[in-house]
$ cat target.cif   # mmCIF, C-alpha atoms
data_model
#
loop_
_atom_site.label_atom_id
_atom_site.label_comp_id
_atom_site.auth_asym_id
_atom_site.auth_seq_id
_atom_site.Cartn_x
_atom_site.Cartn_y
_atom_site.Cartn_z
CA MET A 298 39.53 47.09 153.46
CA GLY A 299 38.45 43.57 154.40
CA ASN A 300 41.79 42.84 156.06
CA TRP A 301 41.68 46.12 157.98
CA LEU A 302 38.14 45.42 159.21
CA GLN A 303 39.11 41.92 160.30
CA ASP A 304 42.43 42.87 161.93
CA ARG A 305 41.54 46.19 163.56
CA ILE A 306 37.84 45.80 164.30
CA VAL A 307 36.68 42.18 164.48
CA ASP A 308 39.78 40.59 166.00
CA THR A 309 40.09 43.35 168.63
CA GLY A 310 36.47 42.92 169.73
CA ARG A 311 35.44 46.37 168.50
CA LEU A 312 32.80 45.24 165.99
CA PRO A 313 29.84 46.32 168.19
CA LEU A 314 31.43 49.73 168.78
CA PHE A 315 32.16 50.08 165.05
CA CYS A 316 28.56 49.20 164.19
CA PHE A 317 27.29 51.71 166.73
CA PHE A 318 29.60 54.38 165.25
CA VAL A 319 28.50 53.78 161.66
CA ALA A 320 24.79 53.50 162.58
CA LEU A 321 24.96 56.75 164.57
CA ILE A 322 26.42 58.70 161.64
CA VAL A 323 24.20 57.16 158.95
CA ALA A 324 21.02 57.53 161.03
CA PHE A 325 21.81 61.16 161.86
CA VAL A 326 22.44 62.05 158.20
CA CYS A 327 19.27 60.25 157.09
CA THR A 328 17.25 61.93 159.84
CA ARG A 329 18.48 65.36 158.84
CA ILE A 330 17.72 64.72 155.18
CA ASN A 331 14.23 63.59 156.18
CA VAL A 332 13.44 66.61 158.36
CA ARG A 333 14.79 69.00 155.74
CA LEU A 334 12.51 67.42 153.15
CA ILE A 335 9.61 67.70 155.59
CA ARG A 336 10.43 71.36 156.20
CA ALA A 337 10.55 72.00 152.44
CA LYS A 338 7.25 70.07 152.00
CA ILE A 339 8.74 67.88 149.29
CA GLY A 340 6.98 64.69 148.23
CA TRP A 341 5.35 62.46 150.82
CA PHE A 342 7.68 63.46 153.65
CA ARG A 343 5.52 64.66 156.54
CA ASN A 344 5.61 64.80 160.33
CA VAL A 345 4.20 61.87 162.30
CA ASN A 346 0.97 62.95 163.96
CA VAL A 347 -1.59 61.11 166.06
CA GLY A 348 -4.66 63.29 166.01
CA GLU A 349 -3.40 66.73 166.95
CA MET A 350 -0.31 65.35 168.67
CA HIS A 351 3.02 65.63 166.85
CA ILE A 352 5.23 62.63 167.64
CA HIS A 353 8.87 63.77 167.71
CA HIS A 354 11.49 61.30 166.51
CA VAL A 355 13.12 61.39 169.94
CA VAL A 356 10.25 59.12 171.04
CA PHE A 357 11.21 56.46 168.51
CA GLY A 358 14.84 56.90 169.52
CA VAL A 359 14.08 56.24 173.19
CA VAL A 360 12.17 53.09 172.29
CA LEU A 361 14.98 51.82 170.06
CA MET A 362 17.61 52.56 172.72
CA LEU A 363 15.58 50.75 175.37
CA VAL A 364 14.93 47.68 173.21
CA SER A 365 18.49 47.45 171.89
CA GLY A 366 20.00 48.12 175.31
CA VAL A 367 18.09 45.22 176.88
CA ALA A 368 18.85 43.04 173.84
CA GLY A 369 22.54 43.88 174.18
CA LEU A 370 22.52 42.76 177.81
CA VAL A 371 20.92 39.46 176.79
CA VAL A 372 23.20 38.60 173.84
CA SER A 373 26.48 40.16 175.06
CA ALA A 374 27.80 36.83 176.28
CA GLY A 375 26.79 35.07 173.07
CA SER A 376 27.46 35.84 169.44
CA GLN A 377 29.44 39.00 168.65
CA VAL A 378 27.37 39.35 165.49
CA TRP A 379 24.08 39.66 167.39
CA TYR A 380 25.77 41.98 169.86
CA ALA A 381 26.82 44.12 166.88
CA VAL A 382 23.23 44.12 165.60
CA ALA A 383 22.01 45.36 168.99
CA ALA A 384 24.75 48.02 168.95
CA SER A 385 23.63 49.15 165.48
CA VAL A 386 20.04 49.58 166.63
CA PHE A 387 21.32 51.43 169.70
CA GLY A 388 23.27 53.74 167.38
CA ILE A 389 20.13 54.49 165.37
CA GLY A 390 18.18 55.23 168.53
CA SER A 391 21.00 57.41 169.86
CA ALA A 392 21.01 59.45 166.64
CA LEU A 393 17.26 60.06 166.89
CA VAL A 394 17.55 61.11 170.55
CA LEU A 395 20.62 63.31 170.15
CA ASP A 396 19.14 64.97 167.07
CA GLU A 397 16.50 66.40 169.42
CA PHE A 398 18.84 66.94 172.36
CA ALA A 399 17.97 70.65 172.37
CA LEU A 400 14.28 69.79 172.79
CA ILE A 401 15.12 67.68 175.85
CA LEU A 402 17.43 70.38 177.21
CA HIS A 403 14.96 73.26 176.82
CA LEU A 404 11.74 71.23 177.20
CA HIS A 405 10.53 73.16 174.17
CA ASP A 406 10.64 72.57 170.42
CA VAL A 407 13.63 74.67 169.34
CA TYR A 408 14.65 72.41 166.44
CA TRP A 409 15.03 75.19 163.86
CA GLU A 410 15.89 77.94 166.33
CA GLU A 411 19.37 79.05 167.39
CA GLU A 412 19.22 76.86 170.49
CA GLY A 413 18.64 73.88 168.19
CA ARG A 414 22.34 73.89 167.31
CA ALA A 415 22.92 72.19 170.67
CA SER A 416 21.52 69.00 169.10
CA VAL A 417 24.12 69.07 166.33
CA ASP A 418 26.84 69.77 168.89
CA ALA A 419 25.68 66.74 170.88
CA VAL A 420 25.85 64.49 167.81
CA PHE A 421 29.30 65.79 166.87
CA ILE A 422 30.54 65.15 170.41
CA ALA A 423 29.10 61.63 170.41
CA VAL A 424 30.72 60.86 167.06
CA GLY A 425 34.04 62.33 168.17
CA VAL A 426 34.18 60.45 171.47
CA THR A 427 33.11 57.17 169.84
CA GLY A 428 35.75 57.64 167.16
CA LEU A 429 38.46 58.07 169.80
CA LEU A 430 37.28 54.93 171.57
CA LEU A 431 37.26 53.09 168.25
CA ILE A 432 40.92 53.81 167.54
CA GLY A 433 41.83 52.40 170.95
CA LEU A 434 42.11 55.45 173.21
CA ARG A 435 40.69 55.19 176.72
CA PRO A 436 39.47 58.10 178.86
CA LEU A 437 41.71 59.43 181.65
CA SER A 438 44.29 56.67 181.16
CA ILE A 439 47.97 56.90 180.33
CA ASP A 440 49.38 53.67 178.93
CA ILE A 441 52.71 54.21 177.22
CA ALA A 442 55.14 51.35 176.56
CA GLY A 443 53.43 49.21 179.16
CA PHE A 444 53.32 51.95 181.84
CA VAL A 445 49.84 52.25 183.29
CA ALA A 446 49.02 55.42 185.18
CA PRO A 447 48.38 54.99 188.93
CA TRP A 448 45.15 56.12 190.58
CA GLY A 449 46.67 59.44 191.63
CA ILE A 450 47.27 60.47 188.03
CA LEU A 451 43.79 59.32 187.00
CA VAL A 452 42.20 61.42 189.75
CA THR A 453 44.36 64.39 188.74
CA ASN A 454 43.29 64.02 185.11
CA LEU A 455 39.65 63.90 186.18
CA ALA A 456 40.05 67.06 188.26
CA LEU A 457 41.75 68.85 185.34
CA ALA A 458 38.90 67.71 183.06
CA VAL A 459 36.31 69.18 185.44
CA VAL A 460 38.18 72.51 185.60
CA THR A 461 38.55 72.61 181.81
CA LEU A 462 34.83 71.97 181.28
CA LEU A 463 33.88 74.56 183.92
CA LYS A 464 36.01 77.04 181.99
CA GLY A 465 33.72 76.50 179.00
CA LYS A 466 36.19 74.53 176.89
CA ILE A 467 33.96 71.62 175.99
CA TRP A 468 35.94 70.12 173.12
CA THR A 469 39.28 70.52 174.92
CA GLY A 470 37.84 68.84 178.00
CA LEU A 471 36.29 65.93 176.13
CA VAL A 472 39.25 65.25 173.85
CA GLY A 473 41.54 65.79 176.83
CA LEU A 474 39.93 62.82 178.55
CA PHE A 475 41.68 60.73 175.89
CA VAL A 476 44.76 62.95 175.43
CA PRO A 477 45.56 64.07 179.03
CA PRO A 478 48.17 66.77 178.17
CA LEU A 479 45.34 68.83 176.65
CA LEU A 480 43.65 68.93 180.06
CA LEU A 481 46.62 70.71 181.60
CA VAL A 482 46.55 73.32 178.83
CA GLY A 483 42.78 73.78 179.16
CA ALA A 484 42.88 74.04 182.96
CA VAL A 485 45.69 76.61 182.99
CA ARG A 486 44.48 78.90 180.23
CA LEU A 487 41.94 81.69 180.70
CA ALA A 488 38.27 80.71 181.03
CA ARG A 489 35.77 81.63 178.33
CA PRO A 490 33.39 84.51 179.15
CA GLY A 491 29.99 83.21 180.13
CA SER A 492 31.40 79.98 181.55
CA PRO A 493 30.72 78.98 185.18
CA TRP A 494 34.38 79.61 186.02
CA SER A 495 34.20 83.13 184.59
CA HIS A 496 31.00 83.81 186.53
CA TRP A 497 32.51 82.61 189.81
CA PHE A 498 35.97 84.17 189.60
CA PHE A 499 35.89 87.02 187.04
CA ALA A 500 32.56 88.83 187.40
CA GLY A 501 33.01 91.69 189.87
CA ARG A 502 36.36 90.33 191.06
CA SER A 503 38.78 90.43 188.18
CA PRO A 504 37.61 92.84 185.46
CA ARG A 505 40.99 92.69 183.72
CA LYS A 506 40.80 88.92 183.28
CA LEU A 507 37.21 89.22 182.10
CA ALA A 508 38.22 91.86 179.54
CA ARG A 509 41.07 89.63 178.32
CA ALA A 510 38.70 86.69 178.04
CA ILE A 511 36.20 88.73 176.01
CA HIS A 512 38.98 90.01 173.75
CA ARG A 513 40.24 86.48 173.09
CA GLU A 514 36.71 85.28 172.44
CA GLU A 515 36.09 87.99 169.86
CA ARG A 516 39.46 87.73 168.17
CA TRP A 517 40.11 83.98 168.10
CA ARG A 518 37.02 81.99 168.94
CA ARG A 519 34.28 83.85 167.06
CA PRO A 520 35.79 83.11 163.61
CA VAL A 521 36.10 79.44 164.56
CA ILE A 522 32.50 79.38 165.76
CA ARG A 523 31.32 80.92 162.48
CA VAL A 524 33.10 78.19 160.53
CA LYS A 525 31.61 75.54 162.83
CA ILE A 526 28.09 76.94 162.39
CA ALA A 527 28.53 77.06 158.60
CA PHE A 528 29.56 73.40 158.61
CA GLN A 529 26.71 72.47 160.94
CA GLU A 530 24.16 74.17 158.71
CA PHE A 531 25.65 72.52 155.62
CA VAL A 532 25.11 69.13 157.27
CA SER A 533 21.89 69.70 159.19
CA GLY A 534 20.11 72.65 157.61
CA ARG A 535 19.92 76.32 158.53
CA HIS A 536 18.73 77.25 162.01
CA ASP A 537 17.35 80.58 160.90
CA LEU A 538 14.51 81.18 163.36
CA PRO A 539 15.15 83.72 166.14
CA SER A 540 16.05 82.53 169.60
CA THR A 541 13.18 81.71 171.94
CA ARG A 542 14.91 83.68 174.68
CA LYS A 543 15.13 86.73 172.43
CA ARG A 544 11.45 86.51 171.56
CA ARG A 545 10.50 86.15 175.20
CA GLY A 546 12.66 89.13 176.05
CA HIS A 547 10.53 91.32 173.77
CA THR A 548 7.20 90.26 175.26
#
$ encode --input "target.cif" --output "structure tokens"
Amino acid sequence: MGNWLQDRIVDTGRLPLFCFFVALIVAFVCTRINVRLIRAKIGWFRNVNVGEMHIHHVVFGVVLMLVSGVAGLVVSAGSQVWYAVAASVFGIGSALVLDEFALILHLHDVYWEEEGRASVDAVFIAVGVTGLLLIGLRPLSIDIAGFVAPWGILVTNLALAVVTLLKGKIWTGLVGLFVPPLLLVGAVRLARPGSPWSHWFFAGRSPRKLARAIHREERWRRPVIRVKIAFQEFVSGRHDLPSTRKRRGHT
């Protein structure tokens, strides 16, 4: 383990990224354990309140990201160890912010509602992308046996990534930034219903394609989504409150 860490992480200059990666995961897990204990009213775990104001942990995350970001700029040209320390603090702050990503997105506390799953998605995406960077992959680039992709291929990959994301294939688009052949598959295949691409090109224009997209969603993607939600709730707790949008629709 020590040799691997030295050879693959320290000697390649990836120690700060590795520390960020580990801190992000550990801080997210600890945060979720903490909020689940708060929700269950176990022991001394309670929300942080100042008077009647509830201080969300995203606030502490923003402060940590700001402090560690500035510190990283100051020490980046010096010791790699201190740079790694700054990266670790940045990872902790990032976990606290991303854990309440849904609150930032909706400007409303939806932590335990259905929309709150967006926070877990954001953390999973951050962990996945950081992991790909950690193993040496670089976004949009093709570097095989010394061949470096020209600008034309990089621009093409970026365009394919945009199309894939507009088709609602988030994971394919993000992973495809590091594995470009996936972008071609994602850009060519049918868009997901409800995606911007489906709204622009299917709704009212191509009912057959829309019907095919809905059929594929129900047959193939829904089971995968159920497995993903089950795993999310195993890690982060059950989001069992009704959707805010549903409640507002009944008022």
$ atom_distance --input "target.cif" --atom1 "CA of Gly449 (chain A)" --atom2 "CA of Lys466 (chain A)"
23.6 Å
$ closest_atom_pairs --input "target.cif" --of "region 322-343 of chain A" --to "region 421-426 of chain A" --cutoff "12 Å" --atoms "only C-alpha atoms" --output "tab-separated table"
residue	atom	partner	partner_atom	distance
A:Ile322	CA	A:Val424	CA	7.2
A:Val323	CA	A:Val424	CA	11.0
A:Ala324	CA	A:Val424	CA	11.9
A:Phe325	CA	A:Phe421	CA	10.1
A:Val326	CA	A:Phe421	CA	11.7
$ write_last_selection --input "target.cif" --atoms "C-alpha atoms" --output "mmCIF file, in the frame of the given file"
data_model
loop_
_atom_site.group_PDB
_atom_site.id
_atom_site.type_symbol
_atom_site.label_atom_id
_atom_site.label_comp_id
_atom_site.auth_asym_id
_atom_site.auth_seq_id
_atom_site.Cartn_x
_atom_site.Cartn_y
_atom_site.Cartn_z
ATOM 1 C CA ILE A 322 26.420 58.700 161.640
ATOM 2 C CA VAL A 323 24.200 57.160 158.950
ATOM 3 C CA ALA A 324 21.020 57.530 161.030
ATOM 4 C CA PHE A 325 21.810 61.160 161.860
ATOM 5 C CA VAL A 326 22.440 62.050 158.200
#
$ resolve_selection --input "target.cif" --expression "the PyMOL selection byres ((chain A and resi 363-375) around 12)" --output "list in words"
Gly310, Pro313, Leu314, Phe317, Val356, Phe357, Gly358, Val359, Val360, Leu361, Met362, Ser376, Gln377, Val378, Trp379, Tyr380, Ala381, Val382, Ala383, Ala384, Ser385, Val386, Phe387, Gly388, Ile389, Gly390, Ser391 and Val394 of chain A
$ atom_distance --input "target.cif" --atom1 "CA of Ala392 (chain A)" --atom2 "CA of Thr328 (chain A)"
8.2 Å
$ resolve_selection --input "target.cif" --expression "the PyMOL selection byres ((chain A and resi 484) around 9)" --output "mmCIF file with C-alpha atoms, in the coordinates of the input"
data_model
loop_
_atom_site.group_PDB
_atom_site.id
_atom_site.type_symbol
_atom_site.label_atom_id
_atom_site.label_comp_id
_atom_site.auth_asym_id
_atom_site.auth_seq_id
_atom_site.Cartn_x
_atom_site.Cartn_y
_atom_site.Cartn_z
ATOM 1 C CA LEU A 457 41.750 68.850 185.340
ATOM 2 C CA ALA A 458 38.900 67.710 183.060
ATOM 3 C CA VAL A 459 36.310 69.180 185.440
ATOM 4 C CA VAL A 460 38.180 72.510 185.600
ATOM 5 C CA THR A 461 38.550 72.610 181.810
ATOM 6 C CA LEU A 462 34.830 71.970 181.280
ATOM 7 C CA LYS A 464 36.010 77.040 181.990
ATOM 8 C CA GLY A 470 37.840 68.840 178.000
ATOM 9 C CA LEU A 479 45.340 68.830 176.650
ATOM 10 C CA LEU A 480 43.650 68.930 180.060
ATOM 11 C CA LEU A 481 46.620 70.710 181.600
ATOM 12 C CA VAL A 482 46.550 73.320 178.830
ATOM 13 C CA GLY A 483 42.780 73.780 179.160
ATOM 14 C CA VAL A 485 45.690 76.610 182.990
ATOM 15 C CA ARG A 486 44.480 78.900 180.230
ATOM 16 C CA LEU A 487 41.940 81.690 180.700
ATOM 17 C CA ALA A 488 38.270 80.710 181.030
#
$ atom_distance --input "target.cif" --atom1 "CA of His496 (chain A)" --atom2 "CA of Phe398 (chain A)"
25.2 Å
$ decode --input "target.cif" --residues "region 302-370 of chain A" --atoms "C-alpha atoms" --output "compact mmCIF listing (two decimals), in the first residue's frame"
# COMPACT_ATOMS: atom_id res chain seq x y z
CA LEU A 302 0.77 5.51 -2.60
CA GLN A 303 4.33 6.69 -3.20
CA ASP A 304 4.58 5.52 -6.82
CA ARG A 305 1.09 6.32 -8.11
CA ILE A 306 0.06 9.29 -5.99
CA VAL A 307 3.00 11.17 -4.45
CA ASP A 308 5.54 10.78 -7.26
CA THR A 309 2.97 11.71 -9.92
CA GLY A 310 1.98 14.91 -8.09
CA ARG A 311 -1.54 13.68 -7.35
CA LEU A 312 -1.34 13.84 -3.55
CA PRO A 313 -3.52 16.98 -3.28
CA LEU A 314 -6.15 15.45 -5.58
CA PHE A 315 -6.02 12.19 -3.60
CA CYS A 316 -6.48 14.07 -0.32
CA PHE A 317 -9.40 16.00 -1.79
CA PHE A 318 -10.97 12.72 -2.99
CA VAL A 319 -10.64 10.97 0.38
CA ALA A 320 -11.78 14.04 2.36
CA LEU A 321 -14.83 14.46 0.11
CA ILE A 322 -15.98 10.87 0.66
CA VAL A 323 -15.23 10.74 4.40
CA ALA A 324 -16.83 14.14 5.07
CA PHE A 325 -19.96 13.22 3.10
CA VAL A 326 -20.38 9.92 4.97
CA CYS A 327 -19.82 11.61 8.34
CA THR A 328 -22.25 14.40 7.44
CA ARG A 329 -24.94 11.93 6.47
CA ILE A 330 -24.44 9.93 9.67
CA ASN A 331 -24.72 13.16 11.64
CA VAL A 332 -27.92 14.38 9.97
CA ARG A 333 -29.53 10.95 10.28
CA LEU A 334 -28.77 10.96 14.00
CA ILE A 335 -30.20 14.47 14.25
CA ARG A 336 -33.33 13.36 12.41
CA ALA A 337 -33.71 10.38 14.76
CA LYS A 338 -33.09 12.67 17.78
CA ILE A 339 -30.39 10.39 19.13
CA GLY A 340 -28.02 11.63 21.82
CA TRP A 341 -26.66 15.17 21.70
CA PHE A 342 -26.88 15.48 17.91
CA ARG A 343 -28.91 18.59 17.13
CA ASN A 344 -29.19 21.24 14.43
CA VAL A 345 -27.08 24.38 14.74
CA ASN A 346 -29.34 27.31 15.57
CA VAL A 347 -28.66 30.95 16.32
CA GLY A 348 -31.81 32.23 17.95
CA GLU A 349 -34.60 31.14 15.63
CA MET A 350 -32.27 30.84 12.65
CA HIS A 351 -31.21 27.36 11.55
CA ILE A 352 -27.66 27.39 10.18
CA HIS A 353 -27.39 24.84 7.37
CA HIS A 354 -24.08 23.02 6.97
CA VAL A 355 -23.73 24.46 3.47
CA VAL A 356 -22.72 27.71 5.23
CA PHE A 357 -19.77 26.02 6.93
CA GLY A 358 -18.91 24.36 3.63
CA VAL A 359 -18.75 27.68 1.79
CA VAL A 360 -16.47 29.12 4.47
CA LEU A 361 -14.15 26.09 4.37
CA MET A 362 -14.02 26.17 0.56
CA LEU A 363 -13.19 29.88 0.56
CA VAL A 364 -10.47 29.59 3.21
CA SER A 365 -8.90 26.47 1.73
CA GLY A 366 -9.13 27.81 -1.82
CA VAL A 367 -7.21 30.96 -0.90
CA ALA A 368 -4.76 28.91 1.18
CA GLY A 369 -4.21 26.60 -1.79
CA LEU A 370 -3.34 29.56 -4.00
